[in-house]
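Next up, entry.txt (compact mmCIF, C-alpha atoms):
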```txt
# COMPACT_ATOMS: atom_id res chain seq x y z
CA MET A 705 2.76 -84.93 -37.45
CA PRO A 706 -0.66 -86.13 -36.20
CA GLY A 707 -2.11 -88.91 -38.37
CA ALA A 708 -4.75 -87.17 -40.49
CA VAL A 709 -2.62 -84.06 -41.11
CA ALA A 710 0.46 -86.17 -41.89
CA ASN A 711 -1.49 -88.26 -44.40
CA ARG A 712 -2.80 -85.15 -46.19
CA ILE A 713 0.70 -83.66 -46.39
CA LEU A 714 2.26 -86.90 -47.61
CA ASP A 715 -0.53 -87.28 -50.18
CA ALA A 716 0.18 -83.73 -51.39
CA ALA A 717 3.92 -84.48 -51.54
CA HIS A 718 3.25 -87.63 -53.53
CA GLU A 719 1.07 -85.66 -55.94
CA ILE A 720 3.77 -83.06 -56.69
CA GLN A 721 6.41 -85.79 -56.87
CA GLU A 722 4.41 -87.59 -59.57
CA LEU A 723 4.52 -84.49 -61.77
CA CYS A 724 8.23 -83.85 -61.16
CA SER A 725 9.09 -87.48 -61.85
CA SER A 726 6.96 -87.68 -64.99
CA GLU A 727 8.75 -84.58 -66.32
CA GLY A 728 12.17 -86.08 -65.53
CA TRP A 729 13.05 -83.14 -63.26
CA SER A 730 15.81 -83.17 -60.66
CA PHE A 731 14.18 -82.44 -57.28
CA CYS A 732 14.02 -83.34 -53.60
CA PHE A 733 11.92 -82.66 -50.51
CA ILE A 734 13.76 -80.40 -48.08
CA GLY A 735 11.40 -79.26 -45.30
CA ALA A 736 9.67 -81.03 -42.44
CA ILE A 737 9.00 -84.05 -44.64
CA ALA A 738 12.76 -84.60 -44.97
CA VAL A 739 13.25 -83.86 -41.27
CA GLN A 740 10.71 -86.60 -40.51
CA ARG A 741 13.11 -89.07 -42.15
CA TRP A 742 16.47 -87.79 -40.87
CA GLY A 743 15.72 -85.87 -37.66
CA GLU A 744 13.06 -85.35 -35.05
CA PRO A 745 9.59 -85.20 -36.63
CA ARG A 746 7.72 -81.94 -36.09
CA LEU A 747 4.40 -80.44 -37.01
CA THR A 748 4.09 -78.84 -40.42
CA GLN A 749 1.31 -77.50 -42.59
CA ASP A 750 3.01 -77.74 -45.98
CA ALA A 751 5.31 -79.67 -48.29
CA ASP A 752 8.62 -78.01 -49.21
CA LEU A 753 10.76 -79.10 -52.10
CA GLU A 754 13.52 -77.87 -54.34
CA VAL A 755 13.27 -78.31 -58.10
CA PHE A 756 16.55 -77.69 -59.87
CA THR A 757 15.74 -75.38 -62.79
CA GLY A 758 19.11 -73.77 -63.34
CA ILE A 759 19.26 -70.22 -64.66
CA GLY A 760 17.22 -69.17 -67.68
CA ASP A 761 14.71 -72.03 -67.92
CA GLU A 762 12.58 -71.23 -64.86
CA GLN A 763 9.52 -70.15 -66.86
CA ARG A 764 9.08 -73.60 -68.38
CA TYR A 765 9.01 -75.23 -64.93
CA VAL A 766 6.77 -72.57 -63.39
CA ASP A 767 4.26 -72.71 -66.25
CA LYS A 768 4.09 -76.52 -66.11
CA LEU A 769 3.51 -76.43 -62.33
CA LEU A 770 0.88 -73.69 -62.57
CA ALA A 771 -0.97 -75.67 -65.25
CA ARG A 772 -1.38 -78.53 -62.76
CA PHE A 773 -1.64 -76.86 -59.34
CA ALA A 774 -3.54 -73.85 -57.99
CA ALA A 775 -1.49 -70.78 -57.03
CA ARG A 776 -1.67 -69.58 -53.43
CA ILE A 777 -1.03 -65.93 -54.23
CA GLU A 778 -2.03 -63.52 -56.92
CA ASP A 779 0.48 -63.34 -59.77
CA ALA A 780 2.35 -66.39 -58.46
CA ARG A 781 4.23 -66.69 -61.74
CA SER A 782 5.86 -63.27 -61.50
CA PHE A 783 6.58 -63.79 -57.81
CA ALA A 784 8.27 -67.14 -58.54
CA LEU A 785 10.40 -65.74 -61.34
CA GLN A 786 11.49 -62.80 -59.18
CA HIS A 787 11.97 -64.59 -55.82
CA ARG A 788 12.66 -68.17 -57.00
CA VAL A 789 9.84 -69.60 -54.86
CA LEU A 790 6.56 -70.87 -56.29
CA LEU A 791 3.65 -71.03 -53.84
CA LEU A 792 1.06 -73.64 -54.80
CA ARG A 793 -1.81 -75.63 -53.34
CA SER A 794 -2.17 -79.39 -53.86
CA GLY A 795 -5.38 -81.06 -54.98
CA ASN A 796 -6.29 -81.72 -51.33
CA GLY A 797 -5.58 -78.11 -50.31
CA VAL A 798 -2.15 -78.56 -48.68
CA PRO A 799 0.28 -75.67 -49.33
CA ILE A 800 3.33 -76.57 -51.43
CA ASP A 801 6.43 -74.33 -51.44
CA ILE A 802 8.78 -74.97 -54.37
CA SER A 803 12.26 -73.45 -54.37
CA LEU A 804 13.65 -73.01 -57.87
CA GLY A 805 17.21 -74.25 -57.50
CA ALA A 806 20.06 -72.73 -59.49
CA LEU A 807 23.22 -73.08 -57.39
CA GLU A 808 25.69 -75.94 -57.73
CA PHE A 809 24.84 -77.02 -54.18
CA GLU A 810 21.14 -77.22 -55.07
CA GLU A 811 21.96 -79.32 -58.11
CA GLN A 812 24.03 -81.69 -55.96
CA ALA A 813 21.31 -81.86 -53.31
CA ALA A 814 18.68 -82.89 -55.85
CA ALA A 815 21.03 -85.36 -57.54
CA GLY A 816 21.97 -86.97 -54.22
CA ALA A 817 18.40 -87.39 -52.96
CA THR A 818 17.03 -90.89 -52.36
CA LEU A 819 13.59 -92.46 -52.34
CA GLU A 820 12.59 -93.07 -48.73
CA GLU A 821 9.45 -94.79 -47.48
CA LEU A 822 7.89 -92.45 -44.93
CA THR A 823 4.70 -94.42 -44.52
CA ALA A 824 3.38 -97.63 -46.01
CA GLY A 825 3.07 -97.18 -49.77
CA ILE A 826 4.46 -93.63 -49.96
CA ARG A 827 8.08 -93.24 -51.03
CA LEU A 828 9.35 -89.71 -51.48
CA ARG A 829 12.56 -88.33 -52.94
CA ILE A 830 14.22 -86.86 -49.84
CA ALA A 831 17.37 -84.72 -49.57
CA SER A 832 20.26 -86.47 -47.83
CA PRO A 833 20.92 -85.57 -44.18
CA SER A 834 24.10 -83.75 -45.30
CA SER A 835 22.16 -81.61 -47.80
CA LEU A 836 19.39 -81.02 -45.30
CA ILE A 837 21.90 -79.67 -42.75
CA VAL A 838 23.17 -77.20 -45.38
CA PHE A 839 19.65 -76.04 -46.31
CA LYS A 840 18.71 -75.62 -42.65
CA VAL A 841 21.87 -73.82 -41.48
CA PHE A 842 21.70 -71.46 -44.46
CA ALA A 843 18.04 -70.63 -43.72
CA GLY A 844 18.97 -70.13 -40.07
CA ARG A 845 15.55 -69.68 -38.47
CA PRO A 846 15.08 -70.95 -34.89
CA LYS A 847 13.07 -73.96 -36.12
CA ASP A 848 15.85 -74.73 -38.63
CA TRP A 849 18.43 -74.88 -35.83
CA SER A 850 16.12 -77.13 -33.85
CA ASP A 851 15.87 -79.36 -36.93
CA VAL A 852 19.67 -79.36 -37.33
CA GLU A 853 20.07 -80.60 -33.77
CA GLY A 854 17.57 -83.41 -34.35
CA ILE A 855 19.27 -84.41 -37.61
CA ILE A 856 22.69 -84.56 -35.92
CA VAL A 857 21.32 -86.64 -33.04
CA ARG A 858 19.47 -89.10 -35.26
CA SER A 859 21.60 -89.21 -38.43
CA GLY A 860 24.95 -87.67 -37.49
CA ARG A 861 26.92 -90.82 -38.26
CA VAL A 862 25.95 -90.68 -41.97
CA ILE A 863 26.57 -86.95 -42.47
CA ASP A 864 29.54 -86.01 -44.65
CA TRP A 865 30.79 -83.15 -42.49
CA GLN A 866 33.60 -82.13 -44.83
CA TRP A 867 31.11 -81.73 -47.70
CA VAL A 868 28.67 -79.86 -45.42
CA GLU A 869 31.35 -77.38 -44.35
CA THR A 870 32.58 -76.83 -47.92
CA GLN A 871 29.03 -76.15 -49.19
CA LEU A 872 28.13 -73.92 -46.24
CA ARG A 873 31.33 -71.90 -46.48
CA ALA A 874 30.57 -71.09 -50.14
CA LEU A 875 26.90 -70.27 -49.50
CA LEU A 876 27.54 -68.19 -46.38
CA GLU A 877 30.18 -66.23 -48.26
CA LEU A 878 27.33 -65.02 -50.51
CA LYS A 879 25.58 -63.75 -47.37
CA GLY A 880 28.78 -62.31 -45.93
CA ASP A 881 28.15 -64.15 -42.66
CA SER A 882 30.34 -66.96 -41.32
CA ALA A 883 28.71 -67.04 -37.85
CA PRO A 884 26.43 -70.00 -38.72
CA LEU A 885 29.52 -72.18 -39.34
CA GLU A 886 30.78 -71.38 -35.85
CA ARG A 887 27.35 -72.06 -34.39
CA LEU A 888 27.21 -75.43 -36.16
CA ALA A 889 30.67 -76.37 -34.85
CA SER A 890 29.59 -75.45 -31.30
CA LEU A 891 26.40 -77.47 -31.64
CA ARG A 892 28.33 -80.52 -32.87
CA THR A 893 30.78 -80.22 -29.95
CA ARG A 894 27.97 -79.93 -27.40
CA LEU A 895 26.09 -82.92 -28.84
CA ALA A 896 29.27 -85.03 -28.92
CA ARG A 897 29.68 -84.41 -25.17
CA ASP A 898 26.04 -85.26 -24.31
```
Re-express the file's structure as structure tokens.
Amino acid sequence: MPGAVANRILDAAHEIQELCSSEGWSFCFIGAIAVQRWGEPRLTQDADLEVFTGIGDEQRYVDKLLARFAARIEDARSFALQHRVLLLRSGNGVPIDISLGALEFEEQAAAGATLEELTAGIRLRIASPSSLIVFKVFAGRPKDWSDVEGIIVRSGRVIDWQWVETQLRALLELKGDSAPLERLASLRTRLARD
């Protein structure tokens, strides 16, 4: 991320983290900010995080977040409660995408996150490389697969592959699609040869 843009995004991430921490919420950054720590840094325009809300208590989290941050879409509250994603804007204008976590994997990802210093003076609660691989493979967009490759190259030695495969198998079963597991195995084999 170029300097000025990166600083604005990290400032926005720090701002949302302060609220989540002060509320005692379980959360972690999962998008390009986390990739910056565990993989190959790439350009991004926003800060992505998961806040574990569980099922049934989402309104409390959404209302608290909307009281502090501006919504990016009309009727953001209803959208968040229906789609489990809250679209906000930080004080400095950076978009923030918050996934409302409810699955056991999402709870484990937030619980296993660690504070990582991404730049002098800014420490953010980042998903582990193992959790990040699961998030990325499940999302499955081309940029996610590119991120997965960078994470394996840079952080592969600390990834708990058995845990990753167990979590992915359960999540992909919900989608009815096991092909991403095969693609991940092929990618790991190719990178091991390189």
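For the residues A:His787, A:Trp742, A:Glu722, A:Leu804, ranking by smallest atom-to-atom distance to Ile759 of chain A using only C-alpha atoms places A:Leu804 first.
The two atoms in question, atom CA of Phe731 of chain A and atom CA of Ala814 of chain A, are spaced 4.7 Å apart.
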Spatial sel., origin (25.1, -65.7, -44.6), limit 12 Å, all atoms listed in the file, listed as a ChimeraX atom specification: /A:838-844,872-886
Among listed residues A:Glu869, A:Gln721, A:Ile863, A:Ser794, nearest Phe809 of chain A (using all atoms listed in the file): A:Glu869
Residue neighbourhood Leu895 of chain A, 12 Å, only C-alpha atoms, exclusion window fewer than 5 positions, as a PyMOL selection string: chain A and resi 852-858+860+888-890
All residues 9 Å or closer to Leu819 of chain A, only C-alpha atoms, same chain fewer than 6 positions away omitted, as a PyMOL selection string: chain A and resi 827-830
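Proximity ranking of A:Gly735, A:Gly728, A:Gly816, A:Gly805 relative to Ser834 of chain A places A:Gly816 first, based on only C-alpha atoms.
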Using all atoms listed in the file: which of A:Ser726, A:Leu747, A:Thr870, A:Trp849 has the shortest distance to Arg887 of chain A: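 Among A:Ser726, A:Leu747, A:Thr870, A:Trp849, it is A:Trp849 that comes nearest to Arg887 of chain A.
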Length of the atom CA of Arg793 of chain A to atom CA of Ala774 of chain A vector [Å]: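 Atom CA of Ala774 of chain A lies at a distance of 5.3 Å from atom CA of Arg793 of chain A.
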Pick from A:Asn796, A:Asn711, A:Gln866, A:Ser835, whichever lies nearest to Glu811 of chain A using only C-alpha atoms: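 Smallest separation from Glu811 of chain A among the options: A:Ser835.
Each of A:Ala771, A:Val862, A:Ala813, A:Leu807 was checked against Gly758 of chain A using all atoms listed in the file; the smallest atom-to-atom distance is that of A:Leu807.
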Distance in Å - atom CA of Ala896 of chain A versus atom CA of Ile737 of chain A: 25.7 Å
Cut-off 12 Å around (4.2, -92.8, -54.4) with only C-alpha atoms: residues as a ChimeraX atom specification: /A:714-725,819-829
Could you save those same residues with C-alpha atoms as a PDB file, keeping the file's coordinate frame?
```pdb
ATOM      1  CA  LEU A 714       2.260 -86.900 -47.610  1.00  0.00           C
ATOM      2  CA  ASP A 715      -0.530 -87.280 -50.180  1.00  0.00           C
ATOM      3  CA  ALA A 716       0.180 -83.730 -51.390  1.00  0.00           C
ATOM      4  CA  ALA A 717       3.920 -84.480 -51.540  1.00  0.00           C
ATOM      5  CA  HIS A 718       3.250 -87.630 -53.530  1.00  0.00           C
ATOM      6  CA  GLU A 719       1.070 -85.660 -55.940  1.00  0.00           C
ATOM      7  CA  ILE A 720       3.770 -83.060 -56.690  1.00  0.00           C
ATOM      8  CA  GLN A 721       6.410 -85.790 -56.870  1.00  0.00           C
ATOM      9  CA  GLU A 722       4.410 -87.590 -59.570  1.00  0.00           C
ATOM     10  CA  LEU A 723       4.520 -84.490 -61.770  1.00  0.00           C
ATOM     11  CA  CYS A 724       8.230 -83.850 -61.160  1.00  0.00           C
ATOM     12  CA  SER A 725       9.090 -87.480 -61.850  1.00  0.00           C
ATOM     13  CA  LEU A 819      13.590 -92.460 -52.340  1.00  0.00           C
ATOM     14  CA  GLU A 820      12.590 -93.070 -48.730  1.00  0.00           C
ATOM     15  CA  GLU A 821       9.450 -94.790 -47.480  1.00  0.00           C
ATOM     16  CA  LEU A 822       7.890 -92.450 -44.930  1.00  0.00           C
ATOM     17  CA  THR A 823       4.700 -94.420 -44.520  1.00  0.00           C
ATOM     18  CA  ALA A 824       3.380 -97.630 -46.010  1.00  0.00           C
ATOM     19  CA  GLY A 825       3.070 -97.180 -49.770  1.00  0.00           C
ATOM     20  CA  ILE A 826       4.460 -93.630 -49.960  1.00  0.00           C
ATOM     21  CA  ARG A 827       8.080 -93.240 -51.030  1.00  0.00           C
ATOM     22  CA  LEU A 828       9.350 -89.710 -51.480  1.00  0.00           C
ATOM     23  CA  ARG A 829      12.560 -88.330 -52.940  1.00  0.00           C
TER      24      ARG A 829
END
```
For segment 781-796 of chain A, supply N, CA and C atoms and report the output as a compact mmCIF listing (two decimals), keeping the file's coordinate frame.
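Generated file (selection_22.txt):
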```
# COMPACT_ATOMS: atom_id res chain seq x y z
N ARG A 781 3.20 -66.50 -60.72
CA ARG A 781 4.23 -66.69 -61.74
C ARG A 781 5.31 -65.62 -61.64
N SER A 782 4.90 -64.37 -61.61
CA SER A 782 5.86 -63.27 -61.50
C SER A 782 6.64 -63.35 -60.19
N PHE A 783 5.93 -63.66 -59.11
CA PHE A 783 6.58 -63.79 -57.81
C PHE A 783 7.66 -64.88 -57.86
N ALA A 784 7.32 -66.02 -58.46
CA ALA A 784 8.27 -67.14 -58.54
C ALA A 784 9.49 -66.76 -59.37
N LEU A 785 9.28 -66.09 -60.48
CA LEU A 785 10.40 -65.74 -61.34
C LEU A 785 11.30 -64.68 -60.70
N GLN A 786 10.70 -63.84 -59.85
CA GLN A 786 11.49 -62.80 -59.18
C GLN A 786 12.18 -63.33 -57.92
N HIS A 787 11.46 -64.16 -57.13
CA HIS A 787 11.97 -64.59 -55.82
C HIS A 787 12.43 -66.04 -55.77
N ARG A 788 12.24 -66.77 -56.88
CA ARG A 788 12.66 -68.17 -57.00
C ARG A 788 11.93 -69.11 -56.03
N VAL A 789 10.69 -68.75 -55.69
CA VAL A 789 9.84 -69.60 -54.86
C VAL A 789 8.44 -69.58 -55.45
N LEU A 790 7.91 -70.76 -55.75
CA LEU A 790 6.56 -70.87 -56.29
C LEU A 790 5.65 -71.42 -55.20
N LEU A 791 4.57 -70.68 -54.92
CA LEU A 791 3.65 -71.03 -53.84
C LEU A 791 2.37 -71.61 -54.44
N LEU A 792 2.18 -72.91 -54.21
CA LEU A 792 1.06 -73.64 -54.80
C LEU A 792 0.18 -74.26 -53.74
N ARG A 793 -0.91 -74.87 -54.21
CA ARG A 793 -1.81 -75.63 -53.34
C ARG A 793 -2.08 -76.96 -54.04
N SER A 794 -1.94 -78.05 -53.29
CA SER A 794 -2.17 -79.39 -53.86
C SER A 794 -3.66 -79.60 -54.10
N GLY A 795 -3.98 -80.72 -54.72
CA GLY A 795 -5.38 -81.06 -54.98
C GLY A 795 -6.20 -81.19 -53.71
N ASN A 796 -5.55 -81.59 -52.60
CA ASN A 796 -6.29 -81.72 -51.33
C ASN A 796 -6.17 -80.47 -50.46
```
